[in-house]
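Below is data_34.txt, which holds compact mmCIF, C-alpha atoms and all ligand atoms.
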# COMPACT_ATOMS: atom_id res chain seq x y z
CA MET A 1 -65.94 76.13 188.13
CA ALA A 2 -65.04 76.68 191.76
CA THR A 3 -64.03 73.39 193.25
CA ASP A 4 -63.67 72.23 196.78
CA SER A 5 -60.39 71.27 198.22
CA PHE A 6 -61.85 69.38 201.16
CA THR A 7 -62.19 65.65 200.68
CA ASP A 8 -63.97 64.99 203.97
CA PRO A 9 -67.09 67.15 204.17
CA PHE A 10 -67.68 65.94 207.73
CA ALA A 11 -64.50 67.74 208.77
CA LEU A 12 -66.28 71.02 208.11
CA GLY A 13 -68.26 72.66 210.90
CA ASP A 14 -68.89 72.32 214.63
CA GLU A 15 -71.66 71.62 217.12
CA ILE A 16 -73.91 74.19 215.45
CA GLY A 17 -73.77 72.90 211.90
CA PRO A 18 -73.89 72.51 208.99
CA SER A 19 -76.82 70.12 209.00
CA LYS A 20 -76.71 69.52 205.24
CA ILE A 21 -74.27 70.12 202.42
CA VAL A 22 -75.89 69.24 199.11
CA TYR A 23 -74.08 69.19 195.80
CA ILE A 24 -76.26 69.54 192.73
CA ARG A 25 -75.39 68.55 189.19
CA THR A 26 -77.82 68.65 186.28
CA PRO A 27 -75.49 68.06 183.32
CA SER A 28 -78.19 68.53 180.66
CA VAL A 29 -78.42 72.25 181.49
CA GLY A 30 -74.90 72.72 182.83
CA LEU A 31 -76.08 73.28 186.41
CA ARG A 32 -73.52 72.89 189.18
CA ALA A 33 -74.44 74.20 192.60
CA VAL A 34 -73.99 73.69 196.30
CA VAL A 35 -76.45 74.31 199.12
CA VAL A 36 -75.27 74.58 202.73
CA ILE A 37 -78.03 74.44 205.33
CA ASP A 38 -76.21 75.35 208.51
CA ASN A 39 -78.71 75.17 211.35
CA VAL A 40 -82.49 74.81 211.45
CA ALA A 41 -83.14 74.88 215.21
CA ALA A 42 -85.19 78.05 214.82
CA GLY A 43 -87.06 76.90 211.72
CA PRO A 44 -86.50 76.58 207.97
CA ALA A 45 -83.29 78.32 207.00
CA ILE A 46 -83.30 81.55 204.96
CA GLY A 47 -80.20 82.39 202.95
CA GLY A 48 -79.25 83.94 199.63
CA THR A 49 -78.62 82.14 196.36
CA ARG A 50 -75.41 83.54 194.91
CA MET A 51 -74.47 83.13 191.27
CA ALA A 52 -70.72 83.33 190.83
CA PRO A 53 -68.02 81.27 189.14
CA ASP A 54 -65.57 81.34 192.01
CA VAL A 55 -67.09 80.59 195.42
CA SER A 56 -66.03 77.40 197.18
CA ALA A 57 -68.33 75.24 199.29
CA ARG A 58 -66.18 76.23 202.26
CA GLU A 59 -66.94 79.90 201.56
CA CYS A 60 -70.60 78.98 201.13
CA PHE A 61 -70.50 77.41 204.60
CA ARG A 62 -68.96 80.59 206.07
CA LEU A 63 -71.75 82.66 204.51
CA ALA A 64 -74.39 80.19 205.76
CA ARG A 65 -72.98 80.47 209.30
CA ALA A 66 -73.16 84.26 209.10
CA MET A 67 -76.86 83.89 208.26
CA THR A 68 -77.36 81.53 211.22
CA LEU A 69 -75.89 84.13 213.56
CA LYS A 70 -77.79 87.02 211.97
CA ASN A 71 -81.15 85.21 212.10
CA ALA A 72 -80.54 83.96 215.65
CA ALA A 73 -79.49 87.40 216.88
CA CYS A 74 -82.74 88.80 215.50
CA GLY A 75 -84.79 86.03 217.07
CA LEU A 76 -86.26 85.10 213.69
CA ARG A 77 -88.00 81.76 213.32
CA HIS A 78 -85.47 80.82 210.65
CA GLY A 79 -82.13 79.13 210.60
CA GLY A 80 -79.21 80.06 208.33
CA ALA A 81 -78.23 78.73 204.91
CA LYS A 82 -76.61 79.80 201.65
CA SER A 83 -76.37 78.40 198.15
CA VAL A 84 -74.09 79.02 195.21
CA ILE A 85 -74.78 78.34 191.55
CA PHE A 86 -71.38 78.12 189.87
CA ALA A 87 -71.92 80.28 186.79
CA ASP A 88 -71.37 83.69 185.25
CA PRO A 89 -74.24 85.95 186.40
CA THR A 90 -73.97 88.09 183.25
CA MET A 91 -75.00 85.22 180.95
CA PRO A 92 -77.94 85.86 178.55
CA ARG A 93 -81.26 86.03 180.36
CA PRO A 94 -82.89 82.93 178.78
CA ASP A 95 -79.88 80.81 179.83
CA LYS A 96 -79.99 82.27 183.32
CA GLU A 97 -83.70 81.56 183.65
CA GLN A 98 -83.20 77.96 182.55
CA LEU A 99 -80.35 77.46 185.01
CA ILE A 100 -82.22 79.01 187.92
CA ARG A 101 -85.40 77.06 187.19
CA ALA A 102 -83.30 73.86 187.08
CA PHE A 103 -81.74 74.85 190.40
CA ALA A 104 -85.22 75.40 191.83
CA THR A 105 -86.45 71.94 190.87
CA ALA A 106 -83.26 70.42 192.29
CA ILE A 107 -83.77 72.07 195.70
CA ALA A 108 -87.50 71.25 195.82
CA PRO A 109 -86.95 68.34 198.27
CA LEU A 110 -84.87 70.56 200.59
CA ALA A 111 -87.94 71.79 202.44
CA ASP A 112 -85.88 73.38 205.21
CA TYR A 113 -84.18 75.79 202.79
CA ILE A 114 -85.80 79.06 201.64
CA PRO A 115 -83.68 80.87 199.03
CA GLY A 116 -83.39 84.65 198.72
CA PRO A 117 -81.60 87.09 196.39
CA ASP A 118 -77.85 87.53 196.67
CA MET A 119 -74.96 88.60 194.45
CA GLY A 120 -75.80 87.61 190.87
CA THR A 121 -79.50 86.91 191.56
CA ASP A 122 -82.44 89.25 192.08
CA GLU A 123 -86.18 89.39 192.73
CA THR A 124 -86.95 88.12 189.21
CA ALA A 125 -84.79 85.07 189.87
CA MET A 126 -86.67 84.53 193.13
CA GLY A 127 -89.91 84.83 191.15
CA TRP A 128 -88.75 81.96 188.88
CA ILE A 129 -87.82 79.80 191.89
CA HIS A 130 -91.15 80.55 193.59
CA ASP A 131 -92.95 79.67 190.36
CA GLU A 132 -91.24 76.26 190.32
CA ILE A 133 -91.43 75.25 193.98
CA GLY A 134 -93.57 77.84 195.81
CA ARG A 135 -90.73 78.71 198.16
CA ALA A 136 -88.47 81.82 198.04
CA VAL A 137 -88.18 85.26 199.63
CA GLY A 138 -87.29 88.65 198.15
CA LEU A 139 -90.07 88.24 195.58
CA PRO A 140 -91.34 90.86 193.12
CA ALA A 141 -94.01 93.11 194.65
CA GLU A 142 -96.52 91.90 192.01
CA ILE A 143 -96.61 88.45 193.63
CA GLY A 144 -96.67 89.67 197.21
CA GLY A 145 -93.00 90.44 197.75
CA ILE A 146 -91.51 93.31 199.73
CA PRO A 147 -88.85 94.75 197.37
CA LEU A 148 -86.21 95.14 200.07
CA ASP A 149 -83.60 96.96 197.98
CA VAL A 150 -86.22 99.41 196.65
CA ILE A 151 -87.60 100.27 200.08
CA GLY A 152 -84.08 100.28 201.54
CA ALA A 153 -84.74 97.71 204.29
CA THR A 154 -81.07 97.16 205.10
CA GLY A 155 -80.15 100.87 204.83
CA PHE A 156 -83.04 101.69 207.16
CA GLY A 157 -81.71 99.20 209.70
CA VAL A 158 -78.22 100.69 209.41
CA ALA A 159 -79.64 104.15 210.16
CA ILE A 160 -81.60 102.81 213.16
CA SER A 161 -78.46 101.07 214.40
CA ALA A 162 -76.49 104.33 214.07
CA GLU A 163 -79.17 106.23 215.96
CA VAL A 164 -79.10 103.78 218.87
CA ALA A 165 -75.29 103.52 218.84
CA ALA A 166 -74.61 107.27 218.63
CA PRO A 167 -74.92 107.99 222.39
CA PHE A 168 -72.54 105.09 223.12
CA ALA A 169 -69.96 107.02 221.07
CA GLY A 170 -70.88 110.36 222.70
CA LEU A 171 -72.72 111.51 219.59
CA SER A 172 -76.14 112.68 218.50
CA LEU A 173 -77.37 112.16 214.94
CA LYS A 174 -78.33 115.85 214.74
CA GLY A 175 -75.52 117.42 212.75
CA ALA A 176 -73.42 114.21 212.77
CA ARG A 177 -71.03 113.98 209.82
CA VAL A 178 -71.39 110.68 207.95
CA VAL A 179 -69.13 108.97 205.42
CA VAL A 180 -70.48 106.05 203.37
CA GLN A 181 -68.31 103.65 201.39
CA GLY A 182 -70.51 102.18 198.63
CA PHE A 183 -73.52 103.97 197.14
CA GLY A 184 -75.61 100.92 196.27
CA ALA A 185 -78.81 99.55 197.78
CA VAL A 186 -77.42 99.67 201.31
CA GLY A 187 -75.24 102.80 201.19
CA GLU A 188 -77.64 105.12 199.41
CA HIS A 189 -80.60 104.24 201.62
CA ALA A 190 -78.51 104.43 204.79
CA ALA A 191 -77.42 107.94 203.77
CA ARG A 192 -81.01 108.98 203.03
CA PHE A 193 -82.45 107.64 206.29
CA LEU A 194 -79.61 109.21 208.29
CA GLU A 195 -80.14 112.57 206.61
CA LYS A 196 -83.83 112.39 207.61
CA ARG A 197 -82.61 112.01 211.20
CA GLY A 198 -80.48 115.16 211.03
CA ALA A 199 -77.11 113.78 209.93
CA ARG A 200 -75.03 115.20 207.05
CA LEU A 201 -73.30 113.13 204.37
CA VAL A 202 -69.74 114.48 204.03
CA GLY A 203 -68.08 111.71 202.02
CA VAL A 204 -69.11 108.90 199.70
CA ALA A 205 -67.47 106.38 197.38
CA ASP A 206 -68.48 103.87 194.77
CA ILE A 207 -66.35 101.59 192.61
CA GLY A 208 -65.58 104.56 190.29
CA GLY A 209 -64.20 106.97 192.91
CA ALA A 210 -64.88 109.05 196.00
CA VAL A 211 -66.00 112.61 196.75
CA VAL A 212 -66.00 114.64 199.97
CA ASN A 213 -67.36 117.96 201.19
CA PRO A 214 -67.38 118.88 204.90
CA ASP A 215 -70.39 121.16 204.28
CA GLY A 216 -72.43 118.24 202.98
CA LEU A 217 -73.20 116.37 199.77
CA ASP A 218 -76.54 116.45 197.95
CA ILE A 219 -77.78 112.84 198.12
CA GLU A 220 -80.43 113.33 195.44
CA ALA A 221 -77.81 114.70 193.02
CA LEU A 222 -75.58 111.70 193.77
CA ALA A 223 -78.51 109.35 193.15
CA GLN A 224 -79.22 111.09 189.84
CA LEU A 225 -75.60 110.42 188.76
CA LYS A 226 -76.09 106.76 189.67
CA ARG A 227 -79.28 106.58 187.61
CA LEU A 228 -77.31 107.97 184.66
CA GLY A 229 -74.75 105.20 185.09
CA LYS A 230 -72.09 107.61 186.38
CA SER A 231 -69.85 107.39 189.40
CA VAL A 232 -70.30 109.64 192.45
CA ALA A 233 -66.85 110.97 191.48
CA ALA A 234 -68.65 112.94 188.72
CA TYR A 235 -70.37 115.04 191.44
CA ARG A 236 -69.53 118.71 191.02
CA GLY A 237 -70.06 120.04 194.54
CA GLY A 238 -67.13 118.42 196.30
CA ARG A 239 -63.50 117.39 196.18
CA VAL A 240 -62.72 114.13 194.40
CA ILE A 241 -60.31 111.92 196.32
CA ALA A 242 -58.82 108.46 195.85
CA ASN A 243 -61.03 105.61 197.09
CA GLU A 244 -58.36 104.51 199.58
CA ALA A 245 -58.38 108.01 201.13
CA LEU A 246 -62.06 107.83 202.12
CA ILE A 247 -61.18 105.96 205.30
CA ALA A 248 -59.23 109.00 206.56
CA THR A 249 -62.05 111.51 205.94
CA PRO A 250 -62.80 113.33 209.20
CA CYS A 251 -66.35 112.44 210.29
CA ASP A 252 -68.41 111.17 213.21
CA ILE A 253 -69.84 107.99 211.65
CA TRP A 254 -68.09 105.85 209.02
CA ILE A 255 -70.28 103.30 207.24
CA PRO A 256 -68.76 100.52 205.14
CA ALA A 257 -71.45 99.47 202.63
CA ALA A 258 -69.49 97.94 199.79
CA ARG A 259 -67.10 95.05 200.11
CA PRO A 260 -65.49 92.68 202.64
CA ASP A 261 -62.33 93.60 204.58
CA ALA A 262 -62.59 97.35 203.92
CA ILE A 263 -61.22 98.04 207.43
CA ARG A 264 -58.04 96.10 208.10
CA ALA A 265 -55.05 96.17 210.43
CA ASP A 266 -53.07 98.09 207.79
CA ASN A 267 -55.59 100.96 207.42
CA VAL A 268 -57.68 101.05 210.59
CA GLU A 269 -55.38 103.63 212.20
CA ARG A 270 -56.42 106.07 209.47
CA LEU A 271 -60.08 106.10 210.58
CA ASP A 272 -60.98 109.57 211.87
CA CYS A 273 -64.41 108.89 213.40
CA ARG A 274 -66.08 107.81 216.65
CA LEU A 275 -68.58 105.28 215.35
CA VAL A 276 -68.51 102.58 212.64
CA VAL A 277 -71.80 100.95 211.62
CA GLN A 278 -71.25 97.95 209.38
CA GLY A 279 -73.64 97.89 206.44
CA ALA A 280 -71.58 95.50 204.30
CA ASN A 281 -70.93 91.87 205.20
CA VAL A 282 -67.62 91.22 207.01
CA PRO A 283 -66.24 94.72 206.23
CA ALA A 284 -63.78 94.65 209.15
CA THR A 285 -61.21 92.02 210.02
CA ARG A 286 -61.01 90.69 213.59
CA ASP A 287 -57.63 92.46 214.02
CA ALA A 288 -59.19 95.74 212.95
CA GLU A 289 -62.10 95.23 215.38
CA GLY A 290 -59.56 94.87 218.19
CA ILE A 291 -57.72 98.03 217.18
CA MET A 292 -60.96 100.04 216.88
CA PHE A 293 -61.85 98.88 220.38
CA GLN A 294 -58.45 99.98 221.72
CA ARG A 295 -58.84 103.34 220.00
CA GLY A 296 -62.28 103.88 221.55
CA ILE A 297 -64.12 103.72 218.21
CA VAL A 298 -67.52 102.08 218.72
CA SER A 299 -68.09 99.47 215.99
CA VAL A 300 -71.49 97.82 215.43
CA PRO A 301 -70.90 94.43 213.76
CA ASP A 302 -72.44 93.49 210.42
CA PHE A 303 -74.82 90.76 211.57
CA ILE A 304 -76.38 93.21 214.03
CA ALA A 305 -76.45 96.38 211.89
CA ASN A 306 -77.30 94.97 208.45
CA ALA A 307 -80.05 92.52 209.41
CA GLY A 308 -82.80 94.73 207.95
CA GLY A 309 -82.89 92.78 204.69
CA VAL A 310 -83.42 89.38 206.25
CA VAL A 311 -85.94 90.74 208.75
CA SER A 312 -87.89 92.13 205.80
CA ALA A 313 -87.61 88.74 204.03
CA ALA A 314 -88.92 86.93 207.12
CA VAL A 315 -91.88 89.32 207.32
CA GLU A 316 -92.59 88.74 203.63
CA TYR A 317 -92.43 84.94 204.12
CA SER A 318 -94.97 85.12 206.94
CA GLY A 319 -97.33 87.14 204.73
CA GLY A 320 -96.65 90.51 206.41
CA ALA A 321 -96.64 93.92 204.76
CA ARG A 322 -94.01 96.62 204.24
CA ALA A 323 -95.06 98.66 207.31
CA THR A 324 -94.70 95.55 209.50
CA ALA A 325 -91.22 95.02 208.07
CA PHE A 326 -90.11 98.57 208.96
CA ALA A 327 -91.53 98.27 212.48
CA MET A 328 -89.82 94.92 213.01
CA ILE A 329 -86.48 96.18 211.67
CA GLU A 330 -86.63 99.10 214.09
CA GLU A 331 -87.41 96.78 216.99
CA LYS A 332 -84.91 94.01 216.15
CA VAL A 333 -81.94 95.99 214.81
CA GLY A 334 -82.37 98.83 217.31
CA GLY A 335 -82.82 96.44 220.24
CA ASN A 336 -79.85 94.27 219.28
CA THR A 337 -77.60 97.28 218.78
CA ARG A 338 -78.40 98.52 222.29
CA LEU A 339 -77.99 95.07 223.86
CA THR A 340 -74.70 94.45 222.04
CA LEU A 341 -73.19 97.77 223.04
CA GLU A 342 -74.39 97.51 226.65
CA ARG A 343 -72.92 94.02 226.96
CA ALA A 344 -69.67 95.04 225.26
CA ARG A 345 -69.33 97.94 227.68
CA ALA A 346 -70.12 95.80 230.73
CA MET A 347 -67.68 93.05 229.68
CA SER A 348 -65.12 95.50 228.27
CA VAL A 349 -64.80 93.59 225.00
CA PRO A 350 -65.17 94.62 221.32
CA PRO A 351 -68.87 94.70 220.32
CA VAL A 352 -68.31 91.89 217.79
CA GLU A 353 -67.47 89.54 220.68
CA ALA A 354 -70.52 90.56 222.68
CA ALA A 355 -72.74 90.18 219.59
CA SER A 356 -71.39 86.72 218.75
CA GLN A 357 -72.08 85.60 222.29
CA LEU A 358 -75.59 87.05 222.12
CA ALA A 359 -76.35 85.14 218.92
CA ILE A 360 -74.78 81.87 220.11
CA ASP A 361 -76.64 82.05 223.44
CA ARG A 362 -79.95 82.44 221.61
CA LEU A 363 -79.06 79.66 219.20
CA ARG A 364 -78.13 77.27 222.02
CA LYS A 365 -81.47 77.94 223.74
CA MET A 366 -83.30 77.16 220.50
CA MET A 367 -81.21 74.01 219.99
CA GLU A 368 -82.05 72.79 223.51
CA LEU A 369 -85.73 72.84 222.56
CA ARG A 370 -85.11 70.51 219.61
CA ARG A 371 -84.98 66.73 219.85
CA TRP A 372 -81.91 66.55 217.68
CA ARG A 373 -79.53 69.38 218.17
P1 LIG A 401 -74.79 97.12 195.53
O1 LIG A 401 -74.18 96.31 194.46
O2 LIG A 401 -76.16 97.69 195.36
O3 LIG A 401 -73.82 98.36 195.88
C1 LIG A 401 -72.46 98.21 196.15
C2 LIG A 401 -71.82 99.58 196.09
O4 LIG A 401 -70.46 99.47 196.49
C3 LIG A 401 -71.80 100.20 194.68
O5 LIG A 401 -72.01 101.60 194.80
C4 LIG A 401 -70.37 99.91 194.21
O6 LIG A 401 -69.94 100.81 193.20
C5 LIG A 401 -69.64 100.10 195.52
N1 LIG A 401 -68.30 99.53 195.55
C6 LIG A 401 -67.89 98.32 195.11
N2 LIG A 401 -66.56 98.18 195.30
C7 LIG A 401 -66.14 99.32 195.88
C8 LIG A 401 -64.88 99.78 196.32
N3 LIG A 401 -63.79 99.04 196.19
N4 LIG A 401 -64.81 101.02 196.89
C9 LIG A 401 -65.90 101.79 197.02
N5 LIG A 401 -67.12 101.41 196.62
C10 LIG A 401 -67.24 100.18 196.06
O7 LIG A 401 -74.70 96.21 196.84
P2 LIG A 401 -75.56 96.34 198.17
O8 LIG A 401 -76.78 95.50 198.06
O9 LIG A 401 -75.68 97.78 198.55
O10 LIG A 401 -74.62 95.59 199.20
C11 LIG A 401 -73.47 96.20 199.73
C12 LIG A 401 -72.89 95.31 200.82
O11 LIG A 401 -73.87 95.09 201.83
C13 LIG A 401 -72.46 93.92 200.36
O12 LIG A 401 -71.37 93.53 201.20
C14 LIG A 401 -73.65 93.06 200.69
O13 LIG A 401 -73.29 91.71 200.86
C15 LIG A 401 -74.08 93.68 201.99
N6 LIG A 401 -75.48 93.47 202.35
C16 LIG A 401 -76.49 93.83 201.51
C17 LIG A 401 -77.79 93.66 201.92
C18 LIG A 401 -78.95 94.11 201.07
O14 LIG A 401 -80.08 94.07 201.56
N7 LIG A 401 -78.74 94.55 199.85
C19 LIG A 401 -78.09 93.06 203.18
C20 LIG A 401 -77.03 92.71 204.02
C21 LIG A 401 -75.73 92.92 203.59

Show me, as structure tokens, the structure contained in the file I just sent.
Amino acid sequence: MATDSFTDPFALGDEIGPSKIVYIRTPSVGLRAVVVIDNVAAGPAIGGTRMAPDVSARECFRLARAMTLKNAACGLRHGGAKSVIFADPTMPRPDKEQLIRAFATAIAPLADYIPGPDMGTDETAMGWIHDEIGRAVGLPAEIGGIPLDVIGATGFGVAISAEVAAPFAGLSLKGARVVVQGFGAVGEHAARFLEKRGARLVGVADIGGAVVNPDGLDIEALAQLKRLGKSVAAYRGGRVIANEALIATPCDIWIPAARPDAIRADNVERLDCRLVVQGANVPATRDAEGIMFQRGIVSVPDFIANAGGVVSAAVEYSGGARATAFAMIEEKVGGNTRLTLERARAMSVPPVEAASQLAIDRLRKMMELRRWR
């Protein structure tokens, strides 16, 4: 089990939060979990339930804070939270269902926390939680959910963000060469929505390898490989390269959509693009953001570019439909991308700094309206 090193939980956090850190133990079913509700000034907090053996409460807090900033930046009526069930997500399904249902009953009194899917949990898990306590987002379509990974809510937002950001980098999406690291829910949909807007996918990677072709890759053929359980490296119409080499592929737009810290001080100089749109969570270190800024590469931060999923979840929670979700993603993600890049240009700072300030300013205004901040 992941344990916490901190002995004084009150030492964690700042004037924004967290408002609650709740440890859960239900020994009869082997449940051990932590819930961090960071800030609820805007309303009940939405944040994923992760199932993993090795996430500390401190890490959970960091993830909850990221949700606070993302939700505040989007002006959603939801605060930020995160929870972790300390367990192996690949356990047999009946055991997983029992554990998740036990988790649901344990969080029932935490009315200001709305769980959503995250690593190791999915829409079925959210269906179980909703069945227990009537509160969860990212639900199966059959019970009124908007299946955000199926419709590509986050990938759609990434494409909108790229479209708005392109002129700031002296680009147009028509004919723009795009590289995507990660061909999962976010990466595949981002590639598809960008292609619809005239861009061309010239490089892609998944955990099994990477493939490039300056003349373009066939996204449907790549998706077919994925459906067959194969890596994109099995694609026949391109040159297979090492995963680490993808960052140096000449392109206009480079999209990290896989893992944290993909762009770091030790590899950022290899980027050969004008625009980075962050689909993954925390894919660039702060050092790397600074270097991209110095090099004139426009970088749209994660909590601005990848908010499509949580916007869709918020629409679902308020009873809205898929079309409303798409319209709201376009408005929120597109609008925030423009505002962030305009502010960054005016202040001459990396976009991540301008975006953080934007989110914190909105959060402070919301907190001023609350009796207890
Ligand atoms: P996913 O599991 O569907 O896909 C991840 C992809 O990344 C897979 O193709 C995998 O093979 C690939 N990958 C993993 N390690 C890699 C490596 N070292 N090099 C190259 N490729 C690698 O996950 P997802 O839902 O698409 O999420 C991707 C990222 O976006 C994660 O950081 C996630 O936290 C973040 N995110 C997802 C959503 C969402 O709505 N799904 C929303 C916001 C942020």

Could you work out how far atom CA of Leu139 of chain A lies from atom CA of Glu123 of chain A, giving the answer in Å with one decimal?
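Atom-to-atom, atom CA of Glu123 of chain A and atom CA of Leu139 of chain A are spaced 5.0 Å apart.
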
Just the residues within 7 Å of segment 342-353 of chain A, please, counting all atoms listed in the file, with nothing from its chain fewer than 6 positions along; format it as a ChimeraX atom specification.
/A:289-290,293,299-301

Name each residue within 9 Å of ligand LIG 401 (chain A), counting only C-alpha atoms and all ligand atoms, as a ChimeraX atom specification.
/A:117-119,148-149,152-155,180-189,204-210,226,231-232,243-244,246,256-260,262,278-283,302-303,305-310

Need to verify the contact set: Asp112 of chain A, 8 Å, only C-alpha atoms, exclusion of same-chain residues closer than 6 positions in sequence. Can you return it as a list of chain:residue names?
A:Ile37, A:Val40, A:Gly43, A:Pro44, A:Ala45

Mind giving me the straight-line distance from atom CA of Val137 of chain A to atom CA of Pro115 of chain A in Å, one decimal?
6.3 Å

Once you count all atoms listed in the file, which residues end up no further than 12 Å from (-76.4, 117.3, 215.9) in the file's frame, shown as a PyMOL selection string?
chain A and resi 163+166-167+170-178+194-195+197-200+252

Applying 6 Å and all atoms listed in the file, which residues near segment 65-68 of chain A remain after dropping the ones on its own chain fewer than 3 positions away? List them as a compact mmCIF listing (two decimals) with C-alpha atoms, in the frame of the given file.
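Generated output (around.txt):
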# COMPACT_ATOMS: atom_id res chain seq x y z
CA ARG A 62 -68.96 80.59 206.07
CA ASN A 71 -81.15 85.21 212.10
CA ALA A 72 -80.54 83.96 215.65
CA GLY A 79 -82.13 79.13 210.60
CA GLY A 80 -79.21 80.06 208.33

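Using all atoms listed in the file for every distance, the candidate list A:Ala41, A:Ala111, A:Ala104, A:Ile241 yields A:Ala41 as the residue closest to Arg362 of chain A.
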
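From atom CA of Leu275 of chain A back to atom CA of Val298 of chain A, the distance works out to 4.8 Å.
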
Show me, as a count of residues only, the residues that have an atom within 12 Å of Arg25 of chain A when counting all atoms listed in the file, minus same-chain residues fewer than 6 positions from it.
13

Choose the residue, out of A:Val211, A:Met292, A:Ala136, A:Ala125, that has the smallest atom-to-atom separation from Arg101 of chain A; count only C-alpha atoms.
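With only C-alpha atoms as the atom set, the closest residue is A:Ala125.
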
From the set A:Ala165, A:Ile46, A:Ala108, A:Ile129, which residue has the shortest atom-to-atom contact distance to Leu69 of chain A, counting only C-alpha atoms?
A:Ile46

Box time for segment 169-179 of chain A: axis-aligned, enclosing all its listed atoms, 4 Å extra on each side; report centre and edge lengths in Å to one decimal, as lines of an AutoDock Vina configuration file.
center_x = -73.7
center_y = 112.2
center_z = 214.1
size_x = 17.2
size_y = 18.4
size_z = 25.3

Nearest to Tyr235 of chain A among A:Ser318, A:Asn213, A:Ser56, A:Thr90, with distances taken over all atoms listed in the file: which residue is it?
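Ranked by minimum distance to Tyr235 of chain A, first place goes to A:Asn213.
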
Rank nothing, just name the residue among A:Leu12, A:Thr121, A:Arg239, A:Ala327 nearest to Arg93 of chain A, using all atoms listed in the file.
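Using all atoms listed in the file, the shortest distance to Arg93 of chain A belongs to A:Thr121.
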
Find the spatial neighbours of segment 332-336 of chain A, counting only C-alpha atoms, within a cut-off of 6 Å - ignore same-chain residues fewer than 2 positions away - and output them as a PyMOL selection string.
chain A and resi 74+160-161+328-330+338-340

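Restricting the calculation to all atoms listed in the file, the smallest distance between Leu110 of chain A and any of A:Ala159, A:Ala191, A:Ile21, A:Met91 is found for A:Ile21.
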